[in-house]
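A.B. asks: This is the structure I have questions about; it appears just below.
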Amino acid sequence: VFPYLGDISSDKITLSQLQILFYSLSKNGNKHMNFSGQLPVDKQLSYHTLRLVRHLLVGFYGFLVREGILSKNPCTGTKLIKPPKKEKKYFTQEQVKIFLDTASDSKYYLIFKMLFETGCRRSELLGLPWNNVNLDNRTIYIQQTMVSLHEGKKQFYLKPEPKNKSSQRFIPISQATADLLREEKELQQPRKTFSEKDLVFQDRYNNRKYILPN
């Protein structure tokens, strides 16, 4: 903000000047910010950051109004320009086939297959217990999620609800996926500690009853 408004007295600021500020930040970002000998950085600011800047200025000028320095807040009438939504990119059917064929020998193959087939989040699939899998009816029920406590660390907890309540749902699965799940269950069942409440996806190679979503 300072590179744009630093030389203008607070009681001289106009709505138009503030609007130009927000427009400049949205287009040019912080390329004029070269304090402490730093080189200018040419990077657009995100809409979220622009909202924070505007919120800060609305509060600052609101304080000046309450102190009687200004008669009205010049920032309240400003508007931010929302950037166009980025087009989402999806795998084509051919790309999905190539990916799964390439990953066919991976220990995570079943996870990859179900992510593509069900559209679930990683945290939803990795938090899926066997008692929420109906192999006869070929459905799974999303009810809880596996959430990592710290990025890069093997600490986690099972969140009893997914991202939002509407995310609790039944999802159909194909016969091929049901057959792979049945094979996975048979591999796990010989364990003395096996329980229907156990998670479907376990790191059997490292003898852990979970796989972290990260």
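Letters A, B, ... go to the chains of the structure tokens in the order shown; residues in each chain start at 1; ligands are counted from 1 in the same order.
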Using only C-alpha atoms, what does the table of region 105-129 of chain A residues within 8 Å of region 174-196 of chain A look like, with each row giving the shortest atom pair and its distance in Å to one decimal, sorted by chain and ascending number, as a Markdown table?
C.D. replies:
| residue | atom | partner | partner_atom | distance |
| --- | --- | --- | --- | --- |
| A:Leu110 | CA | A:Leu180 | CA | 7.3 |
| A:Lys113 | CA | A:Thr177 | CA | 7.8 |
| A:Met114 | CA | A:Thr177 | CA | 7.4 |
| A:Pro129 | CA | A:Glu196 | CA | 7.0 |
A.B. asks: At a cut-off of 9 Å, using only C-alpha atoms, what residues contact Tyr210 (chain A)? Leave out same-chain residues fewer than 4 positions from it and give the result as a list in words.
C.D. replies: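 Residues near the query, excluding close chain neighbours: Leu126, Gly127, Met146, Asp198, Leu199, Val200, Phe201, Gln202, Asp203 and Arg204 of chain A.
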A.B. asks: For the residues in that selection, give me C-alpha atoms as a PDB file, in the first residue's frame.
C.D. replies:
ATOM      1  CA  LEU A 126      -8.146 -43.458   3.409  1.00  0.00           C
ATOM      2  CA  GLY A 127     -10.601 -43.052   6.288  1.00  0.00           C
ATOM      3  CA  MET A 146      -8.260 -39.432   7.611  1.00  0.00           C
ATOM      4  CA  ASP A 198     -10.340 -51.423  10.631  1.00  0.00           C
ATOM      5  CA  LEU A 199      -9.553 -49.150   7.720  1.00  0.00           C
ATOM      6  CA  VAL A 200      -9.718 -50.619   4.235  1.00  0.00           C
ATOM      7  CA  PHE A 201      -6.435 -49.131   3.094  1.00  0.00           C
ATOM      8  CA  GLN A 202      -3.523 -50.179   5.259  1.00  0.00           C
ATOM      9  CA  ASP A 203       0.207 -50.028   4.748  1.00  0.00           C
ATOM     10  CA  ARG A 204       0.787 -53.770   4.969  1.00  0.00           C
TER      11      ARG A 204
END
A.B. asks: Quick one, how far is CA of Ser106 (chain A) from CA of Arg122 (chain A)?
C.D. replies: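 Calculated distance between CA of Ser106 (chain A) and CA of Arg122 (chain A) is 16.4 Å.
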A.B. asks: If you run DSSP on the backbone here, which positions in region 1-212 of chain A get strand (DSSP E)? Please write them as a PyMOL selection string.
C.D. replies: chain A and resi 133-134+139-142+145-148+156-159+169-172
A.B. asks: Can you pull out every residue within 9 Å of Pro162 (chain A), counting only C-alpha atoms, but drop anything in the same chain fewer than 5 positions away, and send it as an MDAnalysis selection string?
C.D. replies: chainID A and resid 123:124 142:146 167:168
A.B. asks: Selection from above, N, CA and C atoms, as a PDB file, in the first residue's frame, can you write it?
C.D. replies:
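Saved to selection_29.pdb:
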ATOM      1  N   SER A 123      -8.631 -38.138   1.540  1.00  0.00           N
ATOM      2  CA  SER A 123      -8.897 -38.289   2.973  1.00  0.00           C
ATOM      3  C   SER A 123     -10.135 -39.137   3.234  1.00  0.00           C
ATOM      4  N   GLU A 124     -11.101 -39.098   2.314  1.00  0.00           N
ATOM      5  CA  GLU A 124     -12.320 -39.885   2.481  1.00  0.00           C
ATOM      6  C   GLU A 124     -12.051 -41.372   2.263  1.00  0.00           C
ATOM      7  N   ILE A 142     -19.367 -43.089   2.709  1.00  0.00           N
ATOM      8  CA  ILE A 142     -18.382 -42.115   3.179  1.00  0.00           C
ATOM      9  C   ILE A 142     -18.921 -41.446   4.437  1.00  0.00           C
ATOM     10  N   GLN A 143     -18.203 -41.636   5.547  1.00  0.00           N
ATOM     11  CA  GLN A 143     -18.688 -41.142   6.838  1.00  0.00           C
ATOM     12  C   GLN A 143     -17.610 -40.417   7.645  1.00  0.00           C
ATOM     13  N   GLN A 144     -16.340 -40.826   7.475  1.00  0.00           N
ATOM     14  CA  GLN A 144     -15.259 -40.209   8.235  1.00  0.00           C
ATOM     15  C   GLN A 144     -14.069 -39.978   7.306  1.00  0.00           C
ATOM     16  N   THR A 145     -13.108 -39.179   7.748  1.00  0.00           N
ATOM     17  CA  THR A 145     -11.945 -38.875   6.923  1.00  0.00           C
ATOM     18  C   THR A 145     -10.658 -39.037   7.728  1.00  0.00           C
ATOM     19  N   MET A 146      -9.587 -39.352   7.017  1.00  0.00           N
ATOM     20  CA  MET A 146      -8.260 -39.432   7.611  1.00  0.00           C
ATOM     21  C   MET A 146      -7.591 -38.075   7.423  1.00  0.00           C
ATOM     22  N   SER A 167     -21.378 -34.315   2.451  1.00  0.00           N
ATOM     23  CA  SER A 167     -20.398 -35.255   1.889  1.00  0.00           C
ATOM     24  C   SER A 167     -20.595 -36.674   2.412  1.00  0.00           C
ATOM     25  N   GLN A 168     -21.415 -36.845   3.443  1.00  0.00           N
ATOM     26  CA  GLN A 168     -21.753 -38.196   3.889  1.00  0.00           C
ATOM     27  C   GLN A 168     -22.688 -38.814   2.858  1.00  0.00           C
TER      28      GLN A 168
END
A.B. asks: What parts of region 28-168 of chain A does DSSP call alpha helix (DSSP H)? I'd like the answer as a count of residues only.
C.D. replies: 46
A.B. asks: Pick out the closest residue to Lys163 (chain A) from this set: A:Asn132, A:Arg121, A:Arg138, A:Leu15. Count only C-alpha atoms.
C.D. replies: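 That would be A:Arg121, the residue with the smallest distance to Lys163 (chain A).
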A.B. asks: Counting only C-alpha atoms, which of A:Leu125, A:Cys75, A:Val96, A:Ile171 gets nearest to Phe60 (chain A)?
C.D. replies: A:Cys75
A.B. asks: Between A:Tyr109, A:Gly68, A:Thr102, A:Arg51, single out the one closest to Lys82 (chain A), counting only C-alpha atoms.
C.D. replies: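 Of A:Tyr109, A:Gly68, A:Thr102, A:Arg51, the one nearest Lys82 (chain A), counting only C-alpha atoms, is A:Arg51.
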A.B. asks: So how far away is CA of Leu149 (chain A) from CA of Ile111 (chain A), in Å?
C.D. replies: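 Interatomic distance here is 21.3 Å.
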A.B. asks: Would you work out the distance separating CA of Glu117 (chain A) from CA of Arg208 (chain A), expressed in Å to one decimal?
C.D. replies: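 One can read the CA of Glu117 (chain A) to CA of Arg208 (chain A) distance as 25.4 Å.
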